[in-house]
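Enquirer: So I've got this file, input.csv, and it contains CSV, C-alpha atoms:
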```
chain,number,residue,atom,x,y,z
O,1358,MET,CA,-27.4,1.4,14.5
O,1359,SER,CA,-26.9,3.2,11.2
O,1360,ALA,CA,-24.5,1.8,8.6
O,1361,VAL,CA,-21.0,3.2,8.4
O,1362,ARG,CA,-20.7,5.5,5.4
O,1363,VAL,CA,-17.8,4.5,3.1
O,1364,ALA,CA,-16.1,6.4,0.3
O,1365,LEU,CA,-13.9,4.4,-2.0
O,1366,ALA,CA,-11.1,6.0,-4.0
O,1367,GLY,CA,-9.6,3.7,-6.7
O,1368,SER,CA,-12.8,1.8,-7.1
O,1369,THR,CA,-11.9,0.0,-10.3
O,1370,GLY,CA,-8.6,-1.4,-9.0
O,1371,SER,CA,-7.9,-4.6,-7.1
O,1372,ILE,CA,-8.5,-3.0,-3.7
O,1373,GLY,CA,-11.5,-1.2,-5.0
O,1374,THR,CA,-13.3,-4.2,-6.4
O,1375,GLN,CA,-12.6,-6.2,-3.3
O,1376,THR,CA,-14.0,-3.4,-1.1
O,1377,VAL,CA,-17.2,-3.6,-3.1
O,1378,ASP,CA,-17.3,-7.3,-2.3
O,1379,VAL,CA,-16.8,-6.7,1.5
O,1380,VAL,CA,-19.6,-4.0,1.5
O,1381,ALA,CA,-21.9,-6.4,-0.4
O,1382,ALA,CA,-21.2,-9.2,2.2
O,1383,GLU,CA,-21.8,-6.8,5.1
O,1384,ALA,CA,-24.6,-4.7,3.6
O,1385,GLU,CA,-26.3,-4.0,7.0
O,1386,SER,CA,-23.1,-2.6,8.4
O,1387,PHE,CA,-21.7,-0.5,5.5
O,1388,GLU,CA,-23.0,1.8,2.8
O,1389,LEU,CA,-20.9,2.9,-0.2
O,1390,VAL,CA,-21.9,6.5,-0.5
O,1391,ALA,CA,-19.1,7.6,-2.9
O,1392,LEU,CA,-16.9,6.1,-5.5
O,1393,GLY,CA,-13.7,7.6,-7.1
O,1394,ALA,CA,-11.4,6.5,-9.9
O,1395,SER,CA,-9.4,7.8,-12.8
O,1396,GLY,CA,-12.4,7.7,-15.2
O,1397,ARG,CA,-10.5,5.7,-17.8
O,1398,GLN,CA,-12.8,2.7,-17.5
O,1399,PRO,CA,-16.3,4.2,-17.9
O,1400,ASP,CA,-18.1,1.0,-18.5
O,1401,VAL,CA,-16.7,-0.5,-15.3
O,1402,LEU,CA,-17.7,2.6,-13.3
O,1403,VAL,CA,-21.2,2.5,-14.7
O,1404,ALA,CA,-21.6,-1.1,-13.6
O,1405,GLN,CA,-20.2,-0.4,-10.1
O,1406,CYS,CA,-22.5,2.6,-9.7
O,1407,GLU,CA,-25.5,0.6,-10.8
O,1408,GLN,CA,-24.5,-2.1,-8.3
O,1409,VAL,CA,-23.9,0.0,-5.2
O,1410,ARG,CA,-25.9,3.2,-6.0
O,1411,PRO,CA,-23.5,5.8,-4.5
O,1412,LYS,CA,-24.5,9.4,-4.2
O,1413,VAL,CA,-21.3,10.8,-5.6
O,1414,LEU,CA,-18.8,9.7,-8.4
O,1415,ALA,CA,-15.4,11.4,-8.5
O,1416,LEU,CA,-13.1,11.3,-11.5
O,1417,ALA,CA,-9.4,12.2,-11.4
O,1418,GLU,CA,-9.6,13.1,-15.1
O,1419,GLU,CA,-12.1,15.2,-17.0
O,1420,ALA,CA,-12.2,13.1,-20.2
O,1421,ASN,CA,-15.3,11.0,-19.6
O,1422,ARG,CA,-17.2,13.3,-17.2
O,1423,ALA,CA,-20.0,14.2,-19.6
O,1424,ASP,CA,-20.5,10.6,-20.8
O,1425,LEU,CA,-20.7,9.3,-17.2
O,1426,ALA,CA,-23.0,12.1,-16.1
O,1427,ALA,CA,-25.4,11.3,-19.0
O,1428,ARG,CA,-25.3,7.6,-18.2
O,1429,LEU,CA,-25.7,8.1,-14.4
O,1430,PRO,CA,-28.1,11.0,-14.1
O,1431,TRP,CA,-29.2,10.1,-10.6
O,1432,LEU,CA,-25.8,10.9,-9.0
O,1433,GLU,CA,-23.4,13.8,-8.7
O,1434,VAL,CA,-20.3,13.5,-10.9
O,1435,ARG,CA,-17.2,15.5,-10.0
O,1436,ALA,CA,-14.0,15.6,-12.1
O,1437,GLY,CA,-10.6,17.1,-12.2
O,1438,ALA,CA,-8.0,18.2,-9.7
O,1439,GLY,CA,-9.3,17.7,-6.1
O,1440,ALA,CA,-12.2,15.5,-7.1
O,1441,LEU,CA,-10.9,12.3,-5.5
O,1442,ALA,CA,-9.8,14.3,-2.4
O,1443,SER,CA,-13.3,15.7,-2.0
O,1444,LEU,CA,-14.6,12.2,-1.2
O,1445,ALA,CA,-13.4,12.8,2.4
O,1446,GLU,CA,-16.4,15.1,2.9
O,1447,GLU,CA,-18.9,12.4,2.2
O,1448,ALA,CA,-18.1,9.5,4.5
O,1449,ASP,CA,-17.1,8.2,8.0
O,1450,VAL,CA,-14.4,6.0,6.4
O,1451,VAL,CA,-12.4,6.6,3.2
O,1452,VAL,CA,-10.7,3.7,1.5
O,1453,ASN,CA,-7.6,4.9,-0.4
O,1454,GLY,CA,-7.0,2.3,-3.0
O,1455,VAL,CA,-5.4,4.7,-5.5
O,1456,VAL,CA,-2.2,3.4,-7.0
O,1457,GLY,CA,1.0,5.4,-6.5
O,1458,PHE,CA,1.9,8.9,-5.5
O,1459,ALA,CA,-1.5,10.1,-7.0
O,1460,GLY,CA,-3.1,9.0,-3.8
O,1461,LEU,CA,-1.5,11.7,-1.7
O,1462,GLY,CA,-4.4,14.1,-2.0
O,1463,VAL,CA,-6.9,11.5,-0.7
O,1464,THR,CA,-4.7,10.6,2.3
O,1465,LEU,CA,-4.2,14.2,3.4
O,1466,ALA,CA,-7.8,15.3,2.8
O,1467,THR,CA,-9.2,12.4,4.8
O,1468,LEU,CA,-7.0,13.0,7.8
O,1469,GLU,CA,-7.4,16.8,7.7
O,1470,ALA,CA,-11.2,16.2,7.7
O,1471,GLY,CA,-10.8,14.1,10.9
O,1472,ARG,CA,-11.9,10.9,9.3
O,1473,ARG,CA,-10.7,7.3,9.4
O,1474,LEU,CA,-8.4,6.4,6.6
O,1475,ALA,CA,-8.4,2.8,5.4
O,1476,LEU,CA,-5.0,3.1,3.8
O,1477,ALA,CA,-4.0,0.8,0.9
O,1478,ASN,CA,-2.0,3.6,-0.8
O,1479,LYS,CA,1.3,3.1,0.9
O,1480,GLU,CA,3.1,5.5,-1.5
O,1481,SER,CA,1.4,8.6,-0.1
O,1482,LEU,CA,2.6,7.8,3.5
O,1483,ILE,CA,6.1,6.8,2.3
O,1484,ALA,CA,6.7,9.9,0.1
O,1485,ALA,CA,5.1,12.5,2.3
O,1486,GLY,CA,5.7,11.0,5.8
O,1487,PRO,CA,6.3,14.2,7.8
O,1488,VAL,CA,3.4,16.0,6.1
O,1489,VAL,CA,1.0,13.0,6.7
O,1490,GLN,CA,2.1,12.8,10.4
O,1491,ARG,CA,1.0,16.4,10.9
O,1492,ALA,CA,-2.4,15.7,9.3
O,1493,ARG,CA,-2.7,12.6,11.4
O,1494,ARG,CA,-2.8,14.8,14.5
O,1495,THR,CA,-6.2,16.3,13.4
O,1496,PRO,CA,-8.8,15.5,16.0
O,1497,GLY,CA,-10.8,12.4,14.9
O,1498,ALA,CA,-8.2,11.4,12.3
O,1499,GLU,CA,-6.9,7.9,12.3
O,1500,ILE,CA,-5.1,5.5,9.9
O,1501,VAL,CA,-6.1,1.8,9.8
O,1502,PRO,CA,-3.8,0.1,7.3
O,1503,VAL,CA,-5.2,-2.2,4.6
O,1504,ASP,CA,-1.8,-3.6,3.4
O,1505,SER,CA,-2.0,-7.2,4.7
O,1506,GLU,CA,1.3,-6.9,6.6
O,1507,HIS,CA,0.6,-3.6,8.3
O,1508,CYS,CA,-3.0,-4.7,9.1
O,1509,ALA,CA,-1.4,-7.8,10.7
O,1510,VAL,CA,1.0,-5.6,12.8
O,1511,HIS,CA,-1.9,-3.3,13.8
O,1512,GLN,CA,-3.8,-6.4,15.1
O,1513,CYS,CA,-0.8,-7.8,16.9
O,1514,LEU,CA,-0.1,-4.5,18.6
O,1515,ARG,CA,-3.6,-4.6,20.1
O,1516,ALA,CA,-2.3,-7.4,22.3
O,1517,ASN,CA,-0.3,-4.9,24.3
O,1518,ASP,CA,-1.1,-1.2,24.9
O,1519,ARG,CA,2.3,-0.1,26.5
O,1520,ALA,CA,5.0,1.6,24.5
O,1521,GLY,CA,8.5,0.4,25.2
O,1522,ARG,CA,7.4,-3.3,25.3
O,1523,VAL,CA,7.8,-3.9,21.5
O,1524,HIS,CA,11.2,-5.4,20.6
O,1525,ARG,CA,10.8,-5.6,16.9
O,1526,ILE,CA,8.3,-5.8,14.0
O,1527,ILE,CA,8.7,-8.6,11.6
O,1528,LEU,CA,7.2,-8.1,8.1
O,1529,THR,CA,6.7,-11.3,6.1
O,1530,ALA,CA,7.3,-11.4,2.3
O,1531,SER,CA,6.1,-14.1,-0.1
O,1532,GLY,CA,9.4,-13.8,-2.0
O,1533,GLY,CA,7.4,-13.2,-5.2
O,1534,PRO,CA,7.8,-15.3,-8.4
O,1535,PHE,CA,11.6,-15.3,-8.2
O,1536,ARG,CA,12.2,-16.6,-4.7
O,1537,GLY,CA,15.3,-18.8,-4.5
O,1538,ARG,CA,16.8,-17.6,-7.8
O,1539,SER,CA,20.3,-16.3,-8.0
O,1540,ARG,CA,21.1,-12.8,-9.3
O,1541,GLU,CA,22.6,-14.3,-12.5
O,1542,SER,CA,19.5,-16.4,-13.3
O,1543,LEU,CA,17.4,-13.2,-13.2
O,1544,ALA,CA,19.1,-11.5,-16.1
O,1545,SER,CA,16.5,-12.4,-18.7
O,1546,VAL,CA,13.2,-12.5,-16.9
O,1547,THR,CA,10.2,-11.2,-18.8
O,1548,VAL,CA,7.2,-9.0,-17.8
O,1549,ALA,CA,5.1,-12.1,-17.9
O,1550,ASP,CA,7.5,-13.8,-15.5
O,1551,ALA,CA,7.4,-10.9,-13.1
O,1552,LEU,CA,3.6,-10.7,-13.1
O,1553,ALA,CA,3.1,-14.4,-12.2
O,1554,HIS,CA,2.8,-14.0,-8.5
O,1555,PRO,CA,2.5,-17.3,-6.7
O,1556,THR,CA,0.0,-16.4,-3.9
O,1557,TRP,CA,-1.6,-13.0,-4.4
O,1558,SER,CA,-3.7,-11.5,-7.2
O,1559,MET,CA,-2.7,-7.8,-7.5
O,1560,GLY,CA,-2.4,-5.0,-10.0
O,1561,PRO,CA,0.7,-5.0,-12.3
O,1562,LYS,CA,2.6,-2.3,-10.5
O,1563,ILE,CA,2.5,-3.9,-7.0
O,1564,THR,CA,3.1,-7.3,-8.5
O,1565,VAL,CA,6.3,-6.2,-10.1
O,1566,ASP,CA,7.2,-4.5,-6.8
O,1567,SER,CA,6.7,-7.8,-5.1
O,1568,SER,CA,9.0,-9.5,-7.7
O,1569,THR,CA,11.8,-7.1,-6.9
O,1570,LEU,CA,11.1,-7.0,-3.1
O,1571,MET,CA,10.6,-3.2,-3.5
O,1572,ASN,CA,7.1,-3.7,-2.2
O,1573,LYS,CA,8.6,-5.0,1.0
O,1574,GLY,CA,11.1,-2.2,1.1
O,1575,LEU,CA,8.3,0.3,0.8
O,1576,GLU,CA,6.4,-1.5,3.6
O,1577,VAL,CA,9.5,-1.2,5.9
O,1578,ILE,CA,9.3,2.6,5.5
O,1579,GLU,CA,5.5,2.5,5.9
O,1580,ALA,CA,5.9,0.5,9.1
O,1581,ASN,CA,8.2,3.1,10.5
O,1582,GLU,CA,5.7,5.8,9.6
O,1583,LEU,CA,2.8,3.9,11.1
O,1584,PHE,CA,4.3,2.4,14.2
O,1585,GLY,CA,7.8,3.7,14.7
O,1586,ALA,CA,9.1,6.5,16.9
O,1587,VAL,CA,8.5,8.9,14.0
O,1588,ALA,CA,4.7,8.4,14.5
O,1589,GLY,CA,4.8,10.3,17.7
O,1590,ASP,CA,1.7,9.7,19.8
O,1591,HIS,CA,0.7,6.9,17.4
O,1592,GLY,CA,4.1,5.1,17.6
O,1593,TRP,CA,5.6,2.3,19.6
O,1594,GLY,CA,9.2,3.5,19.7
O,1595,VAL,CA,10.7,1.2,17.2
O,1596,GLY,CA,13.1,2.3,14.4
O,1597,PHE,CA,14.5,0.9,11.2
O,1598,ASP,CA,16.9,-1.4,13.2
O,1599,GLN,CA,13.8,-3.0,14.8
O,1600,ILE,CA,11.8,-3.6,11.6
O,1601,ASP,CA,12.9,-6.9,10.0
O,1602,VAL,CA,11.8,-8.8,6.9
O,1603,VAL,CA,11.5,-12.6,6.6
O,1604,VAL,CA,10.5,-14.5,3.5
O,1605,HIS,CA,7.4,-16.7,4.1
O,1606,PRO,CA,6.3,-18.3,0.8
O,1607,GLN,CA,2.9,-19.5,2.0
O,1608,SER,CA,1.7,-16.0,2.8
O,1609,VAL,CA,-0.4,-17.3,5.7
O,1610,VAL,CA,1.5,-15.5,8.5
O,1611,HIS,CA,1.0,-11.9,7.5
O,1612,SER,CA,3.4,-10.3,10.0
O,1613,MET,CA,4.5,-10.6,13.6
O,1614,VAL,CA,5.4,-8.5,16.6
O,1615,GLU,CA,8.0,-9.6,19.1
O,1616,TYR,CA,7.8,-8.2,22.5
O,1617,THR,CA,10.6,-7.6,25.0
O,1618,ASP,CA,10.0,-10.9,26.8
O,1619,ALA,CA,10.5,-12.7,23.5
O,1620,ALA,CA,6.8,-13.5,23.1
O,1621,VAL,CA,5.8,-13.3,19.4
O,1622,ILE,CA,2.2,-12.4,18.4
O,1623,ALA,CA,1.3,-13.2,14.7
O,1624,GLN,CA,-1.8,-12.8,12.6
O,1625,LEU,CA,-2.6,-15.7,10.3
O,1626,SER,CA,-5.2,-16.1,7.5
O,1627,MET,CA,-5.2,-17.4,4.0
O,1628,PRO,CA,-4.3,-14.8,1.4
O,1629,ASP,CA,-7.4,-12.7,0.9
O,1630,MET,CA,-7.3,-8.9,0.9
O,1631,ARG,CA,-11.0,-8.7,1.9
O,1632,LEU,CA,-10.0,-9.6,5.5
O,1633,PRO,CA,-7.8,-6.5,6.0
O,1634,ILE,CA,-10.3,-4.3,4.1
O,1635,GLY,CA,-13.1,-5.5,6.4
O,1636,TYR,CA,-10.9,-5.0,9.5
O,1637,ALA,CA,-10.2,-1.4,8.5
O,1638,LEU,CA,-13.9,-0.7,7.7
O,1639,ALA,CA,-15.2,-2.1,11.0
O,1640,TYR,CA,-12.4,-1.1,13.4
O,1641,PRO,CA,-12.4,-1.4,16.4
O,1642,ASP,CA,-15.1,-4.0,15.8
O,1643,ARG,CA,-14.8,-6.9,13.4
O,1644,ILE,CA,-17.0,-8.1,10.5
O,1645,ALA,CA,-18.8,-11.4,10.6
O,1646,THR,CA,-17.9,-12.7,7.2
O,1647,PRO,CA,-14.9,-15.1,7.5
O,1648,PHE,CA,-12.6,-14.1,4.6
O,1649,GLY,CA,-9.4,-16.1,4.6
O,1650,ARG,CA,-10.3,-18.7,7.2
O,1651,VAL,CA,-7.4,-21.2,7.8
O,1652,ASP,CA,-8.0,-24.9,7.8
O,1653,PHE,CA,-5.1,-25.9,10.1
O,1654,ALA,CA,-5.7,-29.7,9.5
O,1655,THR,CA,-4.8,-29.3,5.9
O,1656,LEU,CA,-2.4,-26.3,6.0
O,1657,GLY,CA,0.7,-28.5,6.0
O,1658,ARG,CA,3.9,-26.4,6.6
O,1659,LEU,CA,4.9,-22.8,7.3
O,1660,ASP,CA,8.4,-21.9,6.0
O,1661,PHE,CA,10.6,-18.9,6.8
O,1662,GLU,CA,13.9,-17.8,5.3
O,1663,PRO,CA,16.0,-14.6,5.1
O,1664,PRO,CA,15.7,-12.3,2.1
O,1665,ASP,CA,18.5,-12.5,-0.6
O,1666,HIS,CA,19.8,-8.9,-0.7
O,1667,ASP,CA,22.2,-9.7,-3.5
O,1668,ALA,CA,19.5,-10.9,-5.9
O,1669,PHE,CA,17.0,-8.3,-4.7
O,1670,PRO,CA,18.8,-5.1,-3.9
O,1671,CYS,CA,15.6,-3.0,-3.9
O,1672,LEU,CA,15.0,-4.0,-0.3
O,1673,GLY,CA,18.3,-2.5,0.9
O,1674,LEU,CA,17.7,0.7,-1.2
O,1675,ALA,CA,14.5,1.2,0.7
O,1676,TYR,CA,16.2,0.8,4.1
O,1677,GLU,CA,18.8,3.4,2.9
O,1678,ALA,CA,16.2,5.9,1.8
O,1679,GLY,CA,14.1,5.4,4.9
O,1680,ARG,CA,17.1,6.0,7.2
O,1681,ARG,CA,18.0,9.2,5.2
O,1682,GLY,CA,14.4,10.4,5.8
O,1683,GLU,CA,12.9,13.8,4.7
O,1684,THR,CA,12.4,13.7,0.9
O,1685,ALA,CA,14.6,10.6,0.3
O,1686,PRO,CA,11.7,8.2,0.4
O,1687,ALA,CA,9.8,10.4,-2.1
O,1688,TRP,CA,12.8,10.1,-4.4
O,1689,LEU,CA,12.9,6.3,-3.9
O,1690,ASN,CA,9.1,6.0,-4.6
O,1691,ALA,CA,9.2,8.2,-7.7
O,1692,ALA,CA,12.2,6.5,-9.2
O,1693,ASN,CA,10.6,3.1,-8.6
O,1694,GLU,CA,7.3,4.2,-10.2
O,1695,ILE,CA,9.2,5.4,-13.3
O,1696,ALA,CA,11.4,2.3,-13.5
O,1697,VAL,CA,8.5,-0.2,-13.1
O,1698,ALA,CA,6.4,1.6,-15.7
O,1699,SER,CA,9.4,1.5,-18.1
O,1700,PHE,CA,9.9,-2.2,-17.4
O,1701,LEU,CA,6.2,-2.9,-18.1
O,1702,ASP,CA,6.6,-0.9,-21.4
O,1703,GLY,CA,9.6,-3.0,-22.4
O,1704,ARG,CA,12.1,-0.1,-22.2
O,1705,ILE,CA,14.3,-1.6,-19.5
O,1706,ARG,CA,15.1,-5.0,-18.2
O,1707,TRP,CA,13.9,-6.2,-14.8
O,1708,GLN,CA,17.4,-6.1,-13.3
O,1709,GLN,CA,17.7,-2.4,-14.4
O,1710,ILE,CA,14.9,-1.4,-12.0
O,1711,PRO,CA,17.2,-1.2,-9.0
O,1712,GLU,CA,19.9,0.4,-11.1
O,1713,VAL,CA,17.5,3.2,-12.0
O,1714,ILE,CA,16.5,3.6,-8.3
O,1715,ALA,CA,20.1,3.6,-7.0
O,1716,GLY,CA,21.2,6.1,-9.7
O,1717,THR,CA,18.3,8.4,-8.9
O,1718,LEU,CA,19.0,8.3,-5.2
O,1719,GLU,CA,22.6,9.3,-5.8
O,1720,GLN,CA,21.2,12.6,-7.1
O,1721,HIS,CA,19.0,13.3,-4.1
O,1722,ASP,CA,19.4,16.9,-3.0
O,1723,GLY,CA,18.6,16.3,0.7
O,1724,ALA,CA,15.7,18.7,0.6
O,1725,PRO,CA,13.4,18.6,3.7
O,1726,ALA,CA,9.8,17.3,3.5
O,1727,ASP,CA,8.4,20.3,5.3
O,1728,SER,CA,5.3,20.9,3.1
O,1729,VAL,CA,3.1,19.4,0.4
O,1730,ASP,CA,4.8,21.5,-2.2
O,1731,ALA,CA,8.2,20.3,-1.1
O,1732,VAL,CA,7.1,16.7,-1.5
O,1733,ILE,CA,5.5,17.3,-4.9
O,1734,ASP,CA,8.7,19.1,-6.0
O,1735,ALA,CA,10.8,16.2,-4.8
O,1736,ASP,CA,8.6,13.7,-6.6
O,1737,ALA,CA,8.9,15.6,-9.9
O,1738,ALA,CA,12.7,16.0,-9.6
O,1739,ALA,CA,13.2,12.3,-8.9
O,1740,ARG,CA,11.0,11.4,-11.9
O,1741,ARG,CA,13.0,13.7,-14.2
O,1742,ALA,CA,16.3,12.1,-12.9
O,1743,ALA,CA,15.0,8.6,-13.3
O,1744,ALA,CA,13.6,9.2,-16.8
O,1745,ALA,CA,17.0,10.8,-17.8
O,1746,LEU,CA,18.8,7.7,-16.6
O,1747,ILE,CA,16.5,5.4,-18.5
O,1748,ASP,CA,17.0,7.4,-21.7
O,1749,ARG,CA,20.7,6.8,-21.5
O,1750,MET,CA,20.3,3.0,-21.0
O,1751,PRO,CA,20.7,0.7,-23.9
O,1752,ALA,CA,17.6,-0.9,-25.3
O,1753,PRO,CA,16.9,-4.3,-23.7
```
Any chance you could give the structure as structure tokens?

Expert:
Amino acid sequence: MSAVRVALAGSTGSIGTQTVDVVAAEAESFELVALGASGRQPDVLVAQCEQVRPKVLALAEEANRADLAARLPWLEVRAGAGALASLAEEADVVVNGVVGFAGLGVTLATLEAGRRLALANKESLIAAGPVVQRARRTPGAEIVPVDSEHCAVHQCLRANDRAGRVHRIILTASGGPFRGRSRESLASVTVADALAHPTWSMGPKITVDSSTLMNKGLEVIEANELFGAVAGDHGWGVGFDQIDVVVHPQSVVHSMVEYTDAAVIAQLSMPDMRLPIGYALAYPDRIATPFGRVDFATLGRLDFEPPDHDAFPCLGLAYEAGRRGETAPAWLNAANEIAVASFLDGRIRWQQIPEVIAGTLEQHDGAPADSVDAVIDADAAARRAAAALIDRMPAP
């Protein structure tokens, strides 16, 4: 049996480097035929290409194209608009590990090409849900989520193949570095504090999102798009009122599905993103390498508690935007990306992140998400609104 051809967008990021690990561990099953990244880390890309020997390298930016083409003369180098999206032509499975709204092109191109999308870029599905759902109906297209929570739900739903039997989806949240702290005690947290995640090793943007619980809010919207009634033939009939969040600091139970008879199916493993990556690459099979194996004899305890909406208002803002639908999630996502970048740059305080998002959502124009251009316009409008709010805020 021939190896599954894999294209990897976002190869230099956290998901990208761990995907390389999975392919190396399962070299007889998978072949990395194409890599894609921004191009801002040429030395890292050269090392990756020399390790995995892809046929194609795609760069989102033109800046280092000539240098990389000279250093890697044995492969094809593509660059500029559409380069990352073109990876869908090369593979059976495309891993979208691009960070932020920039991953939308990869998501749409993969689905429209009728390929399997191993989706780690939640922002594209959240911001452009209606557009992605249309692309998802392309024959052969399928999404297997790489986010640990949605990968867990995907696995739990395989225990029952009948719609109408799911009572609720329960997403678990680690609680981030500030779990248990009051709103008042969070007034002076630093960037270093926010980046000190207790259980996961992730990039800075998603780590800050975890600290505010916006990551979990985005995942609520993503769960609705992946598994809810909005997902049409792919859905299980649940809505936002049936998608709950529970804080679970050990990050061993990655999510749960409760059925109508009160049976709860959960997926457990130690925190290791290589497990969901391997699951998405091999689906409907499983890889043989045991990433994240649990030693139950030494595990100790598993704790659960409700999220604190007063200290972490971003979670409620995400529910609000998700229920509004259309371009509201695009506004939420764009405002959050601007706010997080400004926090990391020292322009705003951590507690001002939800203030920026809430103020931006107040300006949402209610436009429908009926085309890619409409989503791009919504994203741009929200970024302008968020930037203007930040410009008016006092320096931290």

Enquirer: How many Å lie between CA of Gln1624 in chain O and CA of Ser1505 in chain O, rounded to one decimal?

Expert: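 Taking CA of Gln1624 in chain O as the start and CA of Ser1505 in chain O as the end point, the length is 9.7 Å.
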
Enquirer: Using all atoms listed in the file, which of O:Arg1631, O:Ile1705, O:Gly1533, O:Ser1539 sits nearest His1666 in chain O?

Expert: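 Result for the nearest residue to His1666 in chain O: O:Ser1539.
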
Enquirer: Smallest atom-to-atom distance to Leu1674 in chain O: which of O:Leu1514, O:Met1630, O:Leu1575, O:Ala1696, using all atoms listed in the file?

Expert: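 Closest to Leu1674 in chain O of all the choices is O:Leu1575.
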
Enquirer: From (-4.1, 16.2, 4.7), in the file's coordinates, out to 12 Å: which residues are reached, counting all atoms listed in the file? Answer as a PyMOL selection string.

Expert: chain O and resi 1442-1443+1445+1460-1472+1474+1481-1482+1485-1495+1498-1500+1728-1729

Enquirer: Pick out the closest residue to Phe1387 in chain O from this set: O:Val1713, O:Met1559, O:Val1451, O:Ala1668. Count only C-alpha atoms.

Expert: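 Residue with the minimum atom-to-atom distance to Phe1387 in chain O: O:Val1451.
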
Enquirer: Which residue is closest to Val1603 in chain O? Choose from O:Gly1497, O:Gly1560, O:Gly1532, O:Pro1641 and count all atoms listed in the file.

Expert: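 Of the candidates, the smallest distance to Val1603 in chain O is held by O:Gly1532.
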
Enquirer: Do you have the CA of Ile1483 in chain O-CA of Val1379 in chain O distance handy?

Expert: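 A separation of 26.6 Å between them.
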
Enquirer: Distance CA of Ala1448 in chain O-CA of Pro1502 in chain O, one decimal place?

Expert: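 Those two atoms sit 17.3 Å apart.
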
Enquirer: Have a look at O:Val1602, O:Val1390, O:Ile1634, O:Gly1396 and name the one nearest to Gly1373 in chain O; count all atoms listed in the file.

Expert: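 Ranked by minimum distance to Gly1373 in chain O, first place goes to O:Ile1634.
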
Enquirer: Please check which residues have atoms at most 12 Å from (-18.7, 6.7, 1.2) in the file's coordinates, counting only C-alpha atoms, and write them as a PyMOL selection string.

Expert: chain O and resi 1360-1366+1368+1376-1377+1380+1387-1393+1409-1415+1441+1443-1453+1467+1472-1475+1638

Enquirer: Which one is closest to Ala1459 in chain O: O:Glu1694, O:Glu1582, O:Asp1660, O:Glu1433? Count all atoms listed in the file.

Expert: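 Checking each of O:Glu1694, O:Glu1582, O:Asp1660, O:Glu1433 against Ala1459 in chain O, counting all atoms listed in the file, the winner is O:Glu1694.
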
Enquirer: Can you tell me, as a VMD selection string, what residues are no more than 12 Å from Pro1663 in chain O when counting all atoms listed in the file, ignoring any on the same chain fewer than 2 positions away?

Expert: chain O and resid 1527 to 1532 1536 to 1537 1601 to 1606 1660 to 1661 1665 to 1667 1669 1672

Enquirer: Any chance you could export the current selection's C-alpha atoms as a PDB file, in the frame of the given file?

Expert:
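Result saved to again-v3.pdb:
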```pdb
ATOM      1  CA  ILE O1527       8.700  -8.600  11.600  1.00  0.00           C
ATOM      2  CA  LEU O1528       7.200  -8.100   8.100  1.00  0.00           C
ATOM      3  CA  THR O1529       6.700 -11.300   6.100  1.00  0.00           C
ATOM      4  CA  ALA O1530       7.300 -11.400   2.300  1.00  0.00           C
ATOM      5  CA  SER O1531       6.100 -14.100  -0.100  1.00  0.00           C
ATOM      6  CA  GLY O1532       9.400 -13.800  -2.000  1.00  0.00           C
ATOM      7  CA  ARG O1536      12.200 -16.600  -4.700  1.00  0.00           C
ATOM      8  CA  GLY O1537      15.300 -18.800  -4.500  1.00  0.00           C
ATOM      9  CA  ASP O1601      12.900  -6.900  10.000  1.00  0.00           C
ATOM     10  CA  VAL O1602      11.800  -8.800   6.900  1.00  0.00           C
ATOM     11  CA  VAL O1603      11.500 -12.600   6.600  1.00  0.00           C
ATOM     12  CA  VAL O1604      10.500 -14.500   3.500  1.00  0.00           C
ATOM     13  CA  HIS O1605       7.400 -16.700   4.100  1.00  0.00           C
ATOM     14  CA  PRO O1606       6.300 -18.300   0.800  1.00  0.00           C
ATOM     15  CA  ASP O1660       8.400 -21.900   6.000  1.00  0.00           C
ATOM     16  CA  PHE O1661      10.600 -18.900   6.800  1.00  0.00           C
ATOM     17  CA  ASP O1665      18.500 -12.500  -0.600  1.00  0.00           C
ATOM     18  CA  HIS O1666      19.800  -8.900  -0.700  1.00  0.00           C
ATOM     19  CA  ASP O1667      22.200  -9.700  -3.500  1.00  0.00           C
ATOM     20  CA  PHE O1669      17.000  -8.300  -4.700  1.00  0.00           C
ATOM     21  CA  LEU O1672      15.000  -4.000  -0.300  1.00  0.00           C
TER      22      LEU O1672
END
```

Enquirer: Restrict the calculation to only C-alpha atoms, then for each residue of range 1447-1536 of chain O with any atom at most 7 Å from an atom of range 1590-1596 of chain O give the closest atom pair and their distance in Å to one decimal, rows by chain and rising residue number, as JSON lines.

Expert:
```
{"residue": "O:Ala1520", "atom": "CA", "partner": "O:Trp1593", "partner_atom": "CA", "distance": 5.0}
{"residue": "O:Gly1521", "atom": "CA", "partner": "O:Gly1594", "partner_atom": "CA", "distance": 6.4}
{"residue": "O:Val1523", "atom": "CA", "partner": "O:Trp1593", "partner_atom": "CA", "distance": 6.8}
{"residue": "O:Arg1525", "atom": "CA", "partner": "O:Val1595", "partner_atom": "CA", "distance": 6.8}
```

Enquirer: Only C-alpha atoms, please: the residues just picked out, written as a PDB file, keeping the file's coordinate frame.

Expert:
```pdb
ATOM      1  CA  ALA O1520       5.000   1.600  24.500  1.00  0.00           C
ATOM      2  CA  GLY O1521       8.500   0.400  25.200  1.00  0.00           C
ATOM      3  CA  VAL O1523       7.800  -3.900  21.500  1.00  0.00           C
ATOM      4  CA  ARG O1525      10.800  -5.600  16.900  1.00  0.00           C
TER       5      ARG O1525
END
```

Enquirer: Could you pull the residues within 9 Å of Ser1567 in chain O, counting only C-alpha atoms, minus those fewer than 3 positions along the same chain, as a list in words?

Expert: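 Within the cut-off, the hits are Ala1530, Ser1531, Gly1532, Gly1533, Pro1534, Ala1551, His1554, Lys1562, Ile1563, Thr1564, Leu1570, Met1571, Asn1572 and Lys1573 of chain O.
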